[in-house]
Number of protein chains: 2
Amino acid sequence: MATIHDVAKKAGVAPITVSRVINNSGYVSEQLRTKVNNAINELEYVPNVLARSLKSKRTNTIALVFTDITNPFFTILARGVEDTASEAGYNVIFCNTDESQDQEDNYIQLLLQKQVDGILLVPADVNSESINIIRKQNTPIVVIDRNIAHDNVDIVRGDSEGGAYNLTKHLIDLGHKRITLLSGPAKVSTSVDRVRGYQRAMKEHGLATFVDYFYGQYSVQSGTDLINQVFSRETKPTAIFGGNNLIAVGAMTALQELNVKVPDDVAVVSFDDIPNNLVPNPFLTAIVQPPYEIGQKATELLLSRIQDEGESEPAYQEIVFPVKLIVRASSGGSIAENYTDVS
Amino acid sequence: MATIHDVAKKAGVAPITVSRVINNSGYVSEQLRTKVNNAINELEYVPNVLARSLKSKRTNTIALVFTDITNPFFTILARGVEDTASEAGYNVIFCNTDESQDQEDNYIQLLLQKQVDGILLVPADVNSESINIIRKQNTPIVVIDRNIAHDNVDIVRGDSEGGAYNLTKHLIDLGHKRITLLSGPAKVSTSVDRVRGYQRAMKEHGLATFVDYFYGQYSVQSGTDLINQVFSRETKPTAIFGGNNLIAVGAMTALQELNVKVPDDVAVVSFDDIPNNLVPNPFLTAIVQPPYEIGQKATELLLSRIQDEGESEPAYQEIVFPVKLIVRASSGGSIAENYTDVS
DNA sequence: ATATTGTATGATAACGATACCATACTATCA
DNA sequence: TGATAGTATGGTATCGTTATCATACAATAT
């Protein structure tokens, strides 16, 4: 565990000279540079970045605080973050909150203590106080994927409202009227946005009275639970709108158990895709966001905020990525001809 | 950005007393404790863990260096690691190497400089020198998922050889003789182990002359490439053994393009499953490893090594998790009755 | 009554690096 | 020839914490 002093002694120079060689800063003669490098190699010297960081106030580490790496949307987003950060010489600490505000608070506290240079946050709750806490330490933050009840903050996300509108309209165009939305939790902005897009599409097409949605969790379990609940009612929907990919998968599984055929008996669509390196024959009609690019863009923005630190209050950006409708088998063909209005 | 000195001044005590309060160490009277806590709250003091780490030589950070978070096997493994580490008060830095030894070397160098307390490594190459480099810094390391050409090291992995044997035997039991294995890269131990298990099964069942395998990459692309290569030959296989889940998916996709029906025309099986929260109707017959548990166990082992640091050379463990065969539609029914030996 | 242990607090130095300032030599310019 | 700029090196203080040692009083044991 050689230190910079050991190297300096061995090379017969001052520690600061070694520092200059390591960091390629200041003036060092070719002669001394070689001597120092030899000493470094002989001693197998590894600089202690902690000490450096203590002085320079830079750790070259950022954190990604999100819900669950296991959700493929976030898996790919995480990869976008890591690639971009690593390219710029930053490491990434990953934190799974499982949508728990407590967990989020704990992580944020810990990360600030660790002096991370910046934080990427997918807030567990629109009303998360994290931003205020983070700002107090002057740590740059970029919010990803979701809105948050805070005016001055950078946000990078997909167009949930527009996507939900298009996805609903797609079903309406196919002749569906009884479209049930199985949403995520009401405390999360994407859920609310998607409900809003769904409602708008329904209203604009004269289906206001058919509006039917449930708030639940962004999980497979919630998808199956909600389906069982929905299908225990008198009148059944002809189409199911899964609030995210996990809900959609849970819904499909539950429908299978109920012997309801997709898309013959009921259409199913999903907000967010399942990455096609995981499914040989994609089946779900879905709104597709670009998770990798979202992660990438958010990281670039965060890194630029880190570099500009200390400058006057920046012009905060809200970057909204457009989303795409991909039509596959699960939404089936037009049902206009054989559909009978039940109520 | 208050420091411990600011808090001390405000509370009218010495910095060390504040330190004692924060860390709940040594003796502090109830009276002073309250005073200090008040000062901490008033100043919104956040301890600087860098400085602490510099003194204590503990960062409470570990690293997971693996190939690609995007592979669902590693996604879940990563979750197991994060949960276990976070439970014990450790943060995790994630590093994707994409099977590149250069990338691995770079990351390892950086992580050692950051003084991580331990490293979990999925080596890109059996001959990776990483262990020697890491050991020089006295940093504990646990190898995950793969073997490595190094005697004294902890390893936590699944049983590739046994799994491949059983998977192959499953196909043989169904009557297949022409079974082609599309393997991962030869520089990775799991590939070699799976080839070995496959070979053993073939030989033990008198199919030594039918042994047919290709080394490629652990990727979807490699799966499609190899299928195209294999099916451009005169004699076609009746079963395809995908060396991992990505290869299997790639193979299925390519077969679809070639209008070869699975499982009617050819059976497909996979080493590693696709997590069932991602596929509503699982189709692939697969050998299933427990990625979460592997990550968990490896992290526990690493943390115990970190705690025991400085003690005499530990008894290194090789923990091999048993794997499970899950039979689904993709391997089809018995073909014994309608199968004709071509050569 | 003295020794011992437990409780309570602080001063000082150190962890390993770098920022800042100081020094000194050489080369170039007016 | 003296001034100025560029090159080359080092000393000292400091980043924010904690380890170590020192001090002191109270309570208990002998």
# chains A, B, ... in the order shown; residues from 1 in each chain; ligands from 1

call {"tool": "residues_around", "arguments": {"residues": "DA17 of chain C", "least_positions_apart": "5", "cutoff": "8 Å", "atoms": "only C-alpha atoms (C1' of nucleotides)", "output": "list of chain:residue names"}}
result
A:Ile4, A:Asn48, A:Val49, A:Ala51, A:Arg52, A:Lys55

call {"tool": "closest_atom_pairs", "arguments": {"of": "chain B", "to": "chain C", "cutoff": "7 Å", "atoms": "only C-alpha atoms (C1' of nucleotides)", "output": "tab-separated table"}}
result
residue	atom	partner	partner_atom	distance
B:Ala14	CA	C:DG10	C1'	6.4
B:Tyr27	CA	C:DA8	C1'	6.0
B:Val28	CA	C:DA8	C1'	6.3
B:Ser29	CA	C:DA8	C1'	6.9
B:Leu54	CA	C:DC15	C1'	5.2
B:Lys55	CA	C:DC15	C1'	4.5

call {"tool": "write_last_selection", "arguments": {"atoms": "N, CA and C atoms", "output": "PDB file, in the first residue's frame"}}
result
ATOM      1  N   ALA B  14     -15.747  20.146  21.452  1.00  0.00           N
ATOM      2  CA  ALA B  14     -14.661  19.827  20.539  1.00  0.00           C
ATOM      3  C   ALA B  14     -15.200  18.958  19.398  1.00  0.00           C
ATOM      4  N   TYR B  27     -17.860   7.950  25.168  1.00  0.00           N
ATOM      5  CA  TYR B  27     -18.775   8.496  26.159  1.00  0.00           C
ATOM      6  C   TYR B  27     -19.182   9.923  25.808  1.00  0.00           C
ATOM      7  N   VAL B  28     -20.465  10.172  25.835  1.00  0.00           N
ATOM      8  CA  VAL B  28     -20.963  11.542  25.694  1.00  0.00           C
ATOM      9  C   VAL B  28     -22.155  11.692  26.639  1.00  0.00           C
ATOM     10  N   SER B  29     -22.156  12.748  27.419  1.00  0.00           N
ATOM     11  CA  SER B  29     -23.274  12.950  28.347  1.00  0.00           C
ATOM     12  C   SER B  29     -24.541  13.299  27.576  1.00  0.00           C
ATOM     13  N   LEU B  54     -10.985   8.121   4.589  1.00  0.00           N
ATOM     14  CA  LEU B  54      -9.542   8.326   4.486  1.00  0.00           C
ATOM     15  C   LEU B  54      -8.863   7.870   5.781  1.00  0.00           C
ATOM     16  N   LYS B  55      -9.509   8.180   6.877  1.00  0.00           N
ATOM     17  CA  LYS B  55      -8.967   7.766   8.173  1.00  0.00           C
ATOM     18  C   LYS B  55      -9.216   6.289   8.440  1.00  0.00           C
TER      19      LYS B  55
END

call {"tool": "closest_atom_pairs", "arguments": {"of": "chain D", "to": "chain B", "cutoff": "9 Å", "atoms": "only C-alpha atoms (C1' of nucleotides)", "output": "JSON lines"}}
result
{"residue": "D:DC15", "atom": "C1'", "partner": "B:Ala51", "partner_atom": "CA", "distance": 8.1}
{"residue": "D:DG16", "atom": "C1'", "partner": "B:Ala51", "partner_atom": "CA", "distance": 5.1}
{"residue": "D:DT17", "atom": "C1'", "partner": "B:Ala51", "partner_atom": "CA", "distance": 4.7}
{"residue": "D:DT18", "atom": "C1'", "partner": "B:Lys55", "partner_atom": "CA", "distance": 6.2}
{"residue": "D:DA19", "atom": "C1'", "partner": "B:Lys55", "partner_atom": "CA", "distance": 8.4}

call {"tool": "interface_residues", "arguments": {"of": "chain B", "to": "chain A", "cutoff": "7 Å", "atoms": "only C-alpha atoms", "output": "MDAnalysis selection string"}}
result
chainID B and resid 1 46:51 54 69:70 75:76 79 91:94 113:115 137 220 246 249 252:253 274 277:280

call {"tool": "write_last_selection", "arguments": {"atoms": "N, CA and C atoms", "output": "compact mmCIF listing (two decimals), in the first residue's frame"}}
result
# COMPACT_ATOMS: atom_id res chain seq x y z
N MET B 1 -22.59 24.02 3.55
CA MET B 1 -21.61 22.92 3.66
C MET B 1 -20.91 22.97 5.00
N VAL B 46 -24.10 17.51 7.15
CA VAL B 46 -23.98 16.20 6.53
C VAL B 46 -22.53 15.76 6.63
N PRO B 47 -22.25 14.70 7.35
CA PRO B 47 -20.86 14.26 7.52
C PRO B 47 -20.21 13.96 6.17
N ASN B 48 -18.96 14.25 6.05
CA ASN B 48 -18.22 13.95 4.84
C ASN B 48 -17.57 12.57 4.98
N VAL B 49 -18.17 11.61 4.26
CA VAL B 49 -17.71 10.24 4.41
C VAL B 49 -16.33 10.03 3.79
N LEU B 50 -15.98 10.90 2.86
CA LEU B 50 -14.65 10.78 2.25
C LEU B 50 -13.58 10.91 3.32
N ALA B 51 -13.72 11.95 4.13
CA ALA B 51 -12.72 12.20 5.17
C ALA B 51 -12.70 11.03 6.15
N LEU B 54 -10.99 8.12 4.59
CA LEU B 54 -9.54 8.33 4.49
C LEU B 54 -8.86 7.87 5.78
N ILE B 69 -25.48 -5.61 -17.68
CA ILE B 69 -26.66 -5.55 -16.83
C ILE B 69 -27.93 -5.91 -17.60
N THR B 70 -27.86 -5.80 -18.89
CA THR B 70 -29.00 -5.99 -19.78
C THR B 70 -29.39 -7.45 -19.95
N THR B 75 -29.14 -9.09 -14.58
CA THR B 75 -30.02 -8.09 -13.98
C THR B 75 -30.47 -8.56 -12.60
N ILE B 76 -30.94 -9.78 -12.57
CA ILE B 76 -31.48 -10.32 -11.32
C ILE B 76 -30.35 -10.56 -10.32
N ARG B 79 -29.53 -7.41 -8.71
CA ARG B 79 -30.52 -7.06 -7.70
C ARG B 79 -30.21 -7.79 -6.39
N ASN B 91 -22.86 0.40 -0.43
CA ASN B 91 -23.32 0.79 -1.76
C ASN B 91 -22.61 -0.04 -2.80
N VAL B 92 -23.23 -0.12 -3.97
CA VAL B 92 -22.66 -0.93 -5.04
C VAL B 92 -22.42 -0.10 -6.29
N ILE B 93 -21.21 -0.17 -6.81
CA ILE B 93 -20.88 0.44 -8.10
C ILE B 93 -20.95 -0.65 -9.16
N PHE B 94 -21.71 -0.38 -10.23
CA PHE B 94 -21.89 -1.37 -11.29
C PHE B 94 -21.00 -1.04 -12.48
N GLN B 113 -8.40 2.41 -7.12
CA GLN B 113 -8.05 3.78 -6.75
C GLN B 113 -9.14 4.39 -5.85
N LYS B 114 -10.36 3.97 -6.12
CA LYS B 114 -11.46 4.51 -5.31
C LYS B 114 -11.55 3.82 -3.96
N GLN B 115 -10.69 2.86 -3.74
CA GLN B 115 -10.60 2.19 -2.44
C GLN B 115 -11.87 1.43 -2.07
N GLN B 137 -3.54 -5.12 -3.74
CA GLN B 137 -4.05 -4.03 -2.91
C GLN B 137 -4.76 -4.56 -1.67
N VAL B 220 -27.65 -12.24 -28.69
CA VAL B 220 -28.72 -12.57 -29.62
C VAL B 220 -28.16 -12.69 -31.04
N LEU B 246 -29.77 -15.54 -24.34
CA LEU B 246 -29.71 -14.62 -25.48
C LEU B 246 -29.48 -15.38 -26.78
N VAL B 249 -32.71 -17.03 -27.79
CA VAL B 249 -33.67 -16.10 -28.39
C VAL B 249 -33.24 -15.75 -29.82
N MET B 252 -34.06 -18.68 -32.03
CA MET B 252 -35.50 -18.77 -32.31
C MET B 252 -35.89 -17.77 -33.39
N THR B 253 -35.37 -16.57 -33.25
CA THR B 253 -35.70 -15.52 -34.22
C THR B 253 -35.22 -15.91 -35.61
N ILE B 274 -35.65 -17.07 -19.26
CA ILE B 274 -36.06 -15.67 -19.38
C ILE B 274 -37.04 -15.44 -18.24
N ASN B 277 -41.44 -12.66 -15.26
CA ASN B 277 -42.18 -11.41 -15.19
C ASN B 277 -42.07 -10.66 -16.52
N LEU B 278 -41.36 -11.26 -17.45
CA LEU B 278 -41.21 -10.60 -18.74
C LEU B 278 -41.95 -11.31 -19.86
N VAL B 279 -42.31 -12.55 -19.63
CA VAL B 279 -43.00 -13.29 -20.69
C VAL B 279 -44.29 -13.89 -20.13
N PRO B 280 -45.40 -13.49 -20.72
CA PRO B 280 -46.69 -13.97 -20.23
C PRO B 280 -46.86 -15.47 -20.43

call {"tool": "residues_around", "arguments": {"residues": "segment 161-166 of chain A", "least_positions_apart": "2", "cutoff": "8 Å", "atoms": "only C-alpha atoms (C1' of nucleotides)", "output": "number ranges by chain"}}
result
A: 159, 168-170, 190, 193-201, 271, 287, 323-325

call {"tool": "select_by_dssp", "arguments": {"residues": "segment 115-322 of chain A", "states": "strand (DSSP E)", "output": "MDAnalysis selection string"}}
result
chainID A and resid 118:121 141:144 154:158 179:183 212:215 239:242 267:271 285:288 318:321

call {"tool": "write_last_selection", "arguments": {"atoms": "N, CA and C atoms", "output": "mmCIF file, in the first residue's frame"}}
result
data_model
loop_
_atom_site.group_PDB
_atom_site.id
_atom_site.type_symbol
_atom_site.label_atom_id
_atom_site.label_comp_id
_atom_site.auth_asym_id
_atom_site.auth_seq_id
_atom_site.Cartn_x
_atom_site.Cartn_y
_atom_site.Cartn_z
ATOM 1 N N GLY A 118 -23.238 13.986 -8.357
ATOM 2 C CA GLY A 118 -24.558 14.276 -8.891
ATOM 3 C C GLY A 118 -25.476 13.086 -8.703
ATOM 4 N N ILE A 119 -26.774 13.355 -8.804
ATOM 5 C CA ILE A 119 -27.748 12.290 -8.576
ATOM 6 C C ILE A 119 -28.794 12.284 -9.675
ATOM 7 N N LEU A 120 -29.046 11.100 -10.201
ATOM 8 C CA LEU A 120 -30.159 10.893 -11.118
ATOM 9 C C LEU A 120 -31.269 10.243 -10.314
ATOM 10 N N LEU A 121 -32.425 10.851 -10.337
ATOM 11 C CA LEU A 121 -33.491 10.365 -9.452
ATOM 12 C C LEU A 121 -34.792 10.075 -10.192
ATOM 13 N N ILE A 141 -28.780 17.622 -9.563
ATOM 14 C CA ILE A 141 -29.727 16.513 -9.672
ATOM 15 C C ILE A 141 -30.513 16.624 -10.961
ATOM 16 N N VAL A 142 -30.778 15.477 -11.571
ATOM 17 C CA VAL A 142 -31.663 15.431 -12.731
ATOM 18 C C VAL A 142 -32.729 14.388 -12.439
ATOM 19 N N VAL A 143 -33.959 14.763 -12.638
ATOM 20 C CA VAL A 143 -35.074 13.840 -12.426
ATOM 21 C C VAL A 143 -35.337 13.077 -13.714
ATOM 22 N N ILE A 144 -35.529 11.782 -13.576
ATOM 23 C CA ILE A 144 -35.739 10.957 -14.760
ATOM 24 C C ILE A 144 -37.116 10.318 -14.742
ATOM 25 N N ASP A 154 -34.250 19.954 -13.515
ATOM 26 C CA ASP A 154 -34.149 19.332 -14.835
ATOM 27 C C ASP A 154 -34.900 18.009 -14.842
ATOM 28 N N ILE A 155 -35.645 17.783 -15.905
ATOM 29 C CA ILE A 155 -36.384 16.529 -16.030
ATOM 30 C C ILE A 155 -36.163 15.942 -17.422
ATOM 31 N N VAL A 156 -35.914 14.662 -17.463
ATOM 32 C CA VAL A 156 -35.830 13.954 -18.737
ATOM 33 C C VAL A 156 -36.800 12.789 -18.663
ATOM 34 N N ARG A 157 -37.763 12.773 -19.570
ATOM 35 C CA ARG A 157 -38.784 11.728 -19.480
ATOM 36 C C ARG A 157 -39.416 11.469 -20.833
ATOM 37 N N GLY A 158 -40.258 10.442 -20.888
ATOM 38 C CA GLY A 158 -41.011 10.144 -22.100
ATOM 39 C C GLY A 158 -42.385 10.793 -22.024
ATOM 40 N N ILE A 179 -62.833 0.042 -22.592
ATOM 41 C CA ILE A 179 -61.380 -0.081 -22.425
ATOM 42 C C ILE A 179 -61.038 0.206 -20.971
ATOM 43 N N THR A 180 -60.473 -0.769 -20.298
ATOM 44 C CA THR A 180 -60.119 -0.575 -18.892
ATOM 45 C C THR A 180 -58.616 -0.364 -18.752
ATOM 46 N N LEU A 181 -58.266 0.714 -18.057
ATOM 47 C CA LEU A 181 -56.849 1.019 -17.827
ATOM 48 C C LEU A 181 -56.439 0.531 -16.445
ATOM 49 N N LEU A 182 -55.442 -0.351 -16.424
ATOM 50 C CA LEU A 182 -54.871 -0.790 -15.150
ATOM 51 C C LEU A 182 -53.622 0.052 -14.921
ATOM 52 N N SER A 183 -53.751 1.029 -14.091
ATOM 53 C CA SER A 183 -52.697 2.022 -13.939
ATOM 54 C C SER A 183 -51.710 1.670 -12.828
ATOM 55 N N ASP A 212 -62.876 3.987 -17.427
ATOM 56 C CA ASP A 212 -62.812 2.949 -16.389
ATOM 57 C C ASP A 212 -61.344 2.636 -16.099
ATOM 58 N N TYR A 213 -60.875 3.084 -14.953
ATOM 59 C CA TYR A 213 -59.457 2.826 -14.659
ATOM 60 C C TYR A 213 -59.239 2.579 -13.171
ATOM 61 N N PHE A 214 -58.132 1.915 -12.883
ATOM 62 C CA PHE A 214 -57.782 1.568 -11.507
ATOM 63 C C PHE A 214 -56.327 1.913 -11.235
ATOM 64 N N TYR A 215 -56.094 2.521 -10.103
ATOM 65 C CA TYR A 215 -54.706 2.708 -9.686
ATOM 66 C C TYR A 215 -54.241 1.478 -8.912
ATOM 67 N N ALA A 239 -61.167 -4.471 -23.963
ATOM 68 C CA ALA A 239 -59.737 -4.176 -24.114
ATOM 69 C C ALA A 239 -59.130 -3.774 -22.771
ATOM 70 N N ILE A 240 -57.893 -4.216 -22.585
ATOM 71 C CA ILE A 240 -57.155 -3.880 -21.367
ATOM 72 C C ILE A 240 -55.924 -3.063 -21.745
ATOM 73 N N PHE A 241 -55.749 -1.964 -21.022
ATOM 74 C CA PHE A 241 -54.594 -1.085 -21.219
ATOM 75 C C PHE A 241 -53.719 -1.253 -19.980
ATOM 76 N N GLY A 242 -52.584 -1.917 -20.154
ATOM 77 C CA GLY A 242 -51.660 -2.100 -19.037
ATOM 78 C C GLY A 242 -50.825 -0.841 -18.828
ATOM 79 N N ALA A 267 -58.630 -7.529 -26.078
ATOM 80 C CA ALA A 267 -57.356 -6.989 -26.552
ATOM 81 C C ALA A 267 -56.527 -6.535 -25.355
ATOM 82 N N VAL A 268 -55.213 -6.629 -25.489
ATOM 83 C CA VAL A 268 -54.329 -6.136 -24.434
ATOM 84 C C VAL A 268 -53.251 -5.263 -25.059
ATOM 85 N N VAL A 269 -53.055 -4.109 -24.496
ATOM 86 C CA VAL A 269 -51.951 -3.250 -24.936
ATOM 87 C C VAL A 269 -51.163 -2.796 -23.717
ATOM 88 N N SER A 270 -49.957 -2.327 -23.965
ATOM 89 C CA SER A 270 -49.062 -2.012 -22.856
ATOM 90 C C SER A 270 -48.341 -0.691 -23.080
ATOM 91 N N PHE A 271 -48.173 0.056 -22.013
ATOM 92 C CA PHE A 271 -47.267 1.198 -22.082
ATOM 93 C C PHE A 271 -45.900 0.667 -21.665
ATOM 94 N N THR A 285 -48.873 -5.328 -28.315
ATOM 95 C CA THR A 285 -48.968 -3.975 -28.860
ATOM 96 C C THR A 285 -48.582 -3.012 -27.743
ATOM 97 N N ALA A 286 -47.673 -2.097 -28.064
ATOM 98 C CA ALA A 286 -47.133 -1.295 -26.969
ATOM 99 C C ALA A 286 -46.719 0.103 -27.412
ATOM 100 N N ILE A 287 -46.723 0.999 -26.442
ATOM 101 C CA ILE A 287 -46.076 2.288 -26.606
ATOM 102 C C ILE A 287 -44.627 2.109 -26.178
ATOM 103 N N VAL A 288 -43.722 2.473 -27.051
ATOM 104 C CA VAL A 288 -42.313 2.248 -26.777
ATOM 105 C C VAL A 288 -41.600 3.565 -26.508
ATOM 106 N N GLU A 318 -36.812 20.740 -19.326
ATOM 107 C CA GLU A 318 -37.675 19.567 -19.270
ATOM 108 C C GLU A 318 -37.630 18.948 -20.646
ATOM 109 N N ILE A 319 -36.955 17.816 -20.723
ATOM 110 C CA ILE A 319 -36.785 17.167 -22.014
ATOM 111 C C ILE A 319 -37.767 16.007 -22.101
ATOM 112 N N VAL A 320 -38.670 16.090 -23.061
ATOM 113 C CA VAL A 320 -39.693 15.049 -23.200
ATOM 114 C C VAL A 320 -39.447 14.274 -24.490
ATOM 115 N N PHE A 321 -39.128 13.005 -24.339
ATOM 116 C CA PHE A 321 -38.887 12.184 -25.515
ATOM 117 C C PHE A 321 -40.214 11.750 -26.134
#

call {"tool": "atom_distance", "arguments": {"atom1": "atom CA of Gly175 of chain A", "atom2": "atom CA of Met202 of chain A"}}
result
12.1 Å
